[in-house]
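First comes the structure, then the notes that go with it.
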Amino acid sequence: MKRIAILGATGSIGTSTLDLVEAAPEQFEVAAVTAASNVAELAGIARRTRARLAVIADESRLEMLREALSGTNIQAAAGESALAEAAVSADLVIAAIVGTAGLAPVMAAVRAGRTIGLANKEALVSAGALMIEEAQRTGATLLPIDSEHNAIFQCLAGQDCDKVARLILTASGGPFRAFTLDEMAGVTPAEAVAHPNWSMGAKISVDSATMMNKGLELIEAHHLFGLPESRIDIIVHRQSVIHSLVEYADGSMLAQLGSPDMRVPIGHILAWPRRMATQARRLDLIEVARLDFEAPDPVRFPALRLAREALKRGGAAPLTLNAANEIAVEAFRASQISFPAIAALVEAMLDAMDRPLPSSIPDVLALDSEVRAIARERLAKLSA
Ligand code: NAD
Ligand code: MG
């Protein structure tokens with residue numbers, strides 16, 4: 001029996017995780033589940049999985065959660081410290097909160113030396129150096145759930161990265177892969193969220209459309225596998241069948257393939273170092289028939305260049321990139337700015353700010369708030 005905690009249990013990754021865990025009750029015991037604000041859904045999940053602890057991030061909803069769990073012996077809790085408590089309550093914590101909101105709970109798990117199935121890439125992008133350093137100190141294990149990084153992890157098969165020539169991250173290219181710049185200027189939030197291959201939360205779907213998702217993943221790969229950005233390539237592969245590749249010094253290239261279903265990488269991490277069965281659709285290579293590859297277009301997708309520059313610059317540049325992007329995506333989803341304005345705001349913020357990475361998580365979070373406030377001010381000026 002593995003004891004697991006699911007942070008962000010009501011989201012897309014959370015739901016896929018629950019699907020696997022509930023289909024294998026003899027393998028998993030759920031210690032804790034968390035959500036931002038949806039009390040009814042969280043309480044339902046906690047009851048179904050017989051979790052011991054249910055945490056709602058929004059503290060004003062604690063009473064509601066208590067009521068929804070009355071008659072059970074599930075503990076109800078709310079707020080930041082309760083999220084951290086949930087994060088250390090199990091052997092394996094699935095980190096599936098979206099955005100920097102997940103950073104403090106992930107760090108709590110790292111500090112406690114836990115094993116973390118990391119989906120929440122923004123946490124690693126914002127504070128990667130601190131997180132990796134702390135994991136080395138405490139013996140915490142970071143296991144990648146993000147499909148590309150999970151593919152690389154599988155292709156590395158426990159080998160050191162010193163014989164790796166380069167990592168190759170594949171990108172679907174998103175819904176606007178073939179759009180002109182003019183066409184992109186007029187796209188709506190609904191169009192941006194409709195991903196051709198994957199079903200995901202709204203924020204990451206917009207990130208896939210701008211390809212900022214691949215930029216964040218470049219930074220994520222750098223931290224997880226310890227390679228410099230010059231040895232991490234990005235290629236567009238529109239079928240999303242090959243999830244990423246590792247090229248070794250001897251010229252061998254290893255790839256991991258599968259249908260675009262997050263239950264495959266999540267199942268790999270849930271069962272690691274063993275394997276488990278999943279209900280994910282089997283890949284039919286005859287049906288797939290062909291695999292296409294092309295170079296990403298840096299002109300139509302400036303986010304890739306911005307992420308690479310941020311990683312090269314170091315310090316708090318990746319944090320700035322991520323925080324500005326979160327604000328820009330929010331504004332785009334609320335129809336306050338155009339689609340190309342997302343990357344434009346991120347670029348302006350990178351130009352305006354040049355800070356070292358703070359050495360503690362509270363200071364990282366303070367800087368994150370500061371970047372968000374400045375980004376919001378800029379947006380307000382633009383629309384004034
Ligand atoms: P989602 O929006 O579907 O779910 C997010 C979850 O986080 C929800 O449970 C929500 O209640 C919770 N949450 C949101 N804001 C919160 C806050 N302020 N405090 C506490 N909890 C909060 O997102 P998702 O698509 O499941 O993505 C989750 C993470 O996994 C993201 O970092 C994303 O980049 C990463 N990821 C997702 C996919 C995918 O297929 N969905 C693939 C790879 C990586
Ligand atoms: Mg991914």
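Chains: A, B, ... in order of the structure tokens. Residues: from 1 per chain. Ligands: from 1, in order shown.
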
Surroundings of ligand 2 up to 7 Å, based on only C-alpha atoms and all ligand atoms, as a PyMOL selection string: chain A and resi 146-148+217

Let me see the file: selected residues, C-alpha atoms, as a PDB file, in the first residue's frame.
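The result, written out as out33.pdb:
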```pdb
ATOM      1  CA  ASP A 146       4.846  16.401 -17.015  1.00  0.00           C
ATOM      2  CA  SER A 147       4.676  14.075 -20.037  1.00  0.00           C
ATOM      3  CA  GLU A 148       7.897  15.311 -21.697  1.00  0.00           C
ATOM      4  CA  GLU A 217       9.297  22.964 -19.703  1.00  0.00           C
TER       5      GLU A 217
END
```

Environment of ligand 1 within 6 Å, counting only C-alpha atoms and all ligand atoms, reported as a count of residues only: 25

Segment 314-330 of chain A surroundings by only C-alpha atoms, 8 Å radius, close-in-sequence under 3 positions cut, as a ChimeraX atom specification: /A:99-100,122,125-127,203,206-207,216,219,306-307,310-311,333-334,337,341-343,345-347,349-350,353-358,368,371-372,375-376

DSSP-assigned helix (DSSP H, G or I) members of segment 199-297 of chain A, reported as JSON, numbers by chain: {"A": [202, 203, 204, 205, 206, 207, 208, 209, 210, 212, 213, 214, 215, 216, 217, 218, 219, 220, 221, 222, 223, 224, 225, 229, 230, 231, 263, 264, 265, 266, 267, 268, 269, 270, 271, 285, 286, 287, 288]}

Once you have the residues from the selection above, write them out as a PDB file, in the first residue's frame, restricted to C-alpha atoms.
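And here's selection19.pdb as it stands now:
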```
ATOM      1  CA  ALA A 202      -7.298  26.277 -18.890  1.00  0.00           C
ATOM      2  CA  LYS A 203      -4.006  27.925 -17.875  1.00  0.00           C
ATOM      3  CA  ILE A 204      -1.705  25.263 -19.319  1.00  0.00           C
ATOM      4  CA  SER A 205      -3.870  25.118 -22.446  1.00  0.00           C
ATOM      5  CA  VAL A 206      -3.252  28.831 -23.102  1.00  0.00           C
ATOM      6  CA  ASP A 207       0.448  28.222 -22.361  1.00  0.00           C
ATOM      7  CA  SER A 208       0.444  25.492 -25.013  1.00  0.00           C
ATOM      8  CA  ALA A 209      -1.116  27.883 -27.515  1.00  0.00           C
ATOM      9  CA  THR A 210       1.605  30.527 -26.952  1.00  0.00           C
ATOM     10  CA  MET A 212       5.168  29.313 -23.238  1.00  0.00           C
ATOM     11  CA  ASN A 213       4.382  25.862 -21.882  1.00  0.00           C
ATOM     12  CA  LYS A 214       7.385  24.518 -23.798  1.00  0.00           C
ATOM     13  CA  GLY A 215       9.456  27.442 -22.523  1.00  0.00           C
ATOM     14  CA  LEU A 216       8.514  26.614 -18.933  1.00  0.00           C
ATOM     15  CA  GLU A 217       9.297  22.964 -19.703  1.00  0.00           C
ATOM     16  CA  LEU A 218      12.764  23.900 -20.973  1.00  0.00           C
ATOM     17  CA  ILE A 219      13.473  25.478 -17.575  1.00  0.00           C
ATOM     18  CA  GLU A 220      11.844  22.529 -15.812  1.00  0.00           C
ATOM     19  CA  ALA A 221      14.070  20.085 -17.739  1.00  0.00           C
ATOM     20  CA  HIS A 222      17.175  22.083 -16.866  1.00  0.00           C
ATOM     21  CA  HIS A 223      16.433  21.790 -13.141  1.00  0.00           C
ATOM     22  CA  LEU A 224      15.267  18.178 -13.159  1.00  0.00           C
ATOM     23  CA  PHE A 225      18.093  16.766 -15.266  1.00  0.00           C
ATOM     24  CA  GLU A 229      19.919  25.093 -21.921  1.00  0.00           C
ATOM     25  CA  SER A 230      22.337  24.660 -24.847  1.00  0.00           C
ATOM     26  CA  ARG A 231      21.816  20.888 -24.582  1.00  0.00           C
ATOM     27  CA  ARG A 263      -2.829   8.729 -17.046  1.00  0.00           C
ATOM     28  CA  VAL A 264       0.249   7.148 -18.670  1.00  0.00           C
ATOM     29  CA  PRO A 265       2.908   9.387 -17.029  1.00  0.00           C
ATOM     30  CA  ILE A 266       0.854   9.708 -13.821  1.00  0.00           C
ATOM     31  CA  GLY A 267       0.539   5.919 -13.631  1.00  0.00           C
ATOM     32  CA  HIS A 268       4.277   5.596 -14.188  1.00  0.00           C
ATOM     33  CA  ILE A 269       4.955   7.869 -11.228  1.00  0.00           C
ATOM     34  CA  LEU A 270       2.268   6.361  -8.976  1.00  0.00           C
ATOM     35  CA  ALA A 271       3.745   2.884  -9.434  1.00  0.00           C
ATOM     36  CA  LEU A 285       1.076   2.660 -34.747  1.00  0.00           C
ATOM     37  CA  ILE A 286      -0.621   1.586 -37.965  1.00  0.00           C
ATOM     38  CA  GLU A 287      -3.374   4.084 -37.281  1.00  0.00           C
ATOM     39  CA  VAL A 288      -0.777   6.765 -36.407  1.00  0.00           C
TER      40      VAL A 288
END
```

Point-to-point distance from atom CA of Pro105 of chain A to atom CA of Val55 of chain A, Å rounded to tenths: 11.8 Å

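A straight line drawn from atom CA of Leu124 of chain A to atom CA of Thr141 of chain A is 13.4 Å long.
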
Distance query segment 154-165 of chain A at most 6 Å, only C-alpha atoms, self and fewer than 6 positions along chain excluded, as a ChimeraX atom specification: /A:247-249,254

Take the residues from that selection and write them out as a PDB file, in the first residue's frame, keeping N, CA, C and O atoms.
```
ATOM      1  N   GLU A 247      19.188  11.917 -26.468  1.00  0.00           N
ATOM      2  CA  GLU A 247      20.255  11.515 -27.375  1.00  0.00           C
ATOM      3  C   GLU A 247      21.507  11.288 -26.545  1.00  0.00           C
ATOM      4  O   GLU A 247      21.939  12.171 -25.805  1.00  0.00           O
ATOM      5  N   TYR A 248      22.070  10.091 -26.663  1.00  0.00           N
ATOM      6  CA  TYR A 248      23.281   9.758 -25.907  1.00  0.00           C
ATOM      7  C   TYR A 248      24.528  10.093 -26.707  1.00  0.00           C
ATOM      8  O   TYR A 248      24.479  10.281 -27.926  1.00  0.00           O
ATOM      9  N   ALA A 249      25.661  10.112 -25.994  1.00  0.00           N
ATOM     10  CA  ALA A 249      26.944  10.462 -26.617  1.00  0.00           C
ATOM     11  C   ALA A 249      27.297   9.517 -27.761  1.00  0.00           C
ATOM     12  O   ALA A 249      27.977   9.898 -28.707  1.00  0.00           O
ATOM     13  N   LEU A 254      16.834   7.685 -27.763  1.00  0.00           N
ATOM     14  CA  LEU A 254      15.735   6.926 -27.166  1.00  0.00           C
ATOM     15  C   LEU A 254      14.512   7.816 -27.032  1.00  0.00           C
ATOM     16  O   LEU A 254      14.630   8.984 -26.652  1.00  0.00           O
TER      17      LEU A 254
END
```

Shell of 9 Å around segment 58-70 of chain A, only C-alpha atoms, local chain residues under 6 positions omitted, as a PyMOL selection string: chain A and resi 35-40+42-44+46-47+76-80

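As for atom CA of Gln279 of chain A and atom CA of Phe28 of chain A, they are spaced 16.6 Å apart.
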
Selection near His243 of chain A, 9 Å with only C-alpha atoms, sequence-local residues under 2 positions removed, as a list of chain:residue names: A:Ser147, A:Glu148, A:His149, A:Asn150, A:Ala151, A:Ile152, A:Leu169, A:Thr170, A:Ala171, A:His237, A:Ser240, A:Val241, A:Leu245, A:Ala255, A:Gln256, A:Leu257, A:Gly258, A:Pro260

Please dump the current selection as a compact mmCIF listing (two decimals), in the first residue's frame; keep N, CA and C atoms.
```
# COMPACT_ATOMS: atom_id res chain seq x y z
N SER A 147 4.47 15.22 -19.14
CA SER A 147 4.68 14.07 -20.04
C SER A 147 6.06 14.06 -20.69
N GLU A 148 6.58 15.25 -21.04
CA GLU A 148 7.90 15.31 -21.70
C GLU A 148 9.00 14.86 -20.74
N HIS A 149 8.93 15.37 -19.52
CA HIS A 149 9.96 15.07 -18.53
C HIS A 149 9.84 13.65 -18.03
N ASN A 150 8.60 13.16 -17.99
CA ASN A 150 8.40 11.78 -17.64
C ASN A 150 8.99 10.88 -18.74
N ALA A 151 8.81 11.27 -19.99
CA ALA A 151 9.39 10.51 -21.11
C ALA A 151 10.91 10.46 -20.99
N ILE A 152 11.52 11.61 -20.69
CA ILE A 152 12.99 11.67 -20.56
C ILE A 152 13.45 10.82 -19.38
N LEU A 169 12.86 17.98 -26.29
CA LEU A 169 11.47 18.09 -25.84
C LEU A 169 10.59 18.22 -27.08
N THR A 170 9.54 17.42 -27.15
CA THR A 170 8.61 17.58 -28.26
C THR A 170 7.46 18.49 -27.85
N ALA A 171 6.94 19.21 -28.84
CA ALA A 171 5.83 20.14 -28.62
C ALA A 171 4.79 19.87 -29.71
N HIS A 237 6.26 18.42 -32.96
CA HIS A 237 5.84 17.09 -33.41
C HIS A 237 4.33 17.05 -33.18
N SER A 240 1.84 14.43 -31.16
CA SER A 240 1.98 14.14 -29.72
C SER A 240 1.98 12.63 -29.45
N VAL A 241 2.80 11.92 -30.20
CA VAL A 241 2.94 10.46 -29.99
C VAL A 241 4.26 10.18 -29.28
N LEU A 245 12.65 12.88 -26.12
CA LEU A 245 13.74 11.97 -26.47
C LEU A 245 15.02 12.33 -25.73
N ALA A 255 13.36 7.25 -27.34
CA ALA A 255 12.11 8.01 -27.26
C ALA A 255 11.10 7.23 -26.44
N GLN A 256 10.16 7.94 -25.85
CA GLN A 256 9.03 7.28 -25.19
C GLN A 256 7.78 7.66 -25.98
N LEU A 257 6.97 6.67 -26.30
CA LEU A 257 5.75 6.90 -27.08
C LEU A 257 4.53 6.49 -26.27
N GLY A 258 3.40 7.07 -26.60
CA GLY A 258 2.15 6.68 -25.95
C GLY A 258 1.03 7.57 -26.45
N PRO A 260 -1.78 10.41 -26.18
CA PRO A 260 -1.74 11.62 -25.35
C PRO A 260 -2.78 11.56 -24.24
```

Polymer residues at most 8 Å from Ala87 of chain A, only C-alpha atoms, same-chain spacing of 3 or more positions, as a VMD selection string: chain A and resid 5 7 32 83 to 84 90 93 105 to 106 108 to 109

Minimum-distance residue to Asp363 of chain A, chosen among A:Pro340, A:Leu130, A:Val299, A:Ile168 (using only C-alpha atoms): A:Leu130
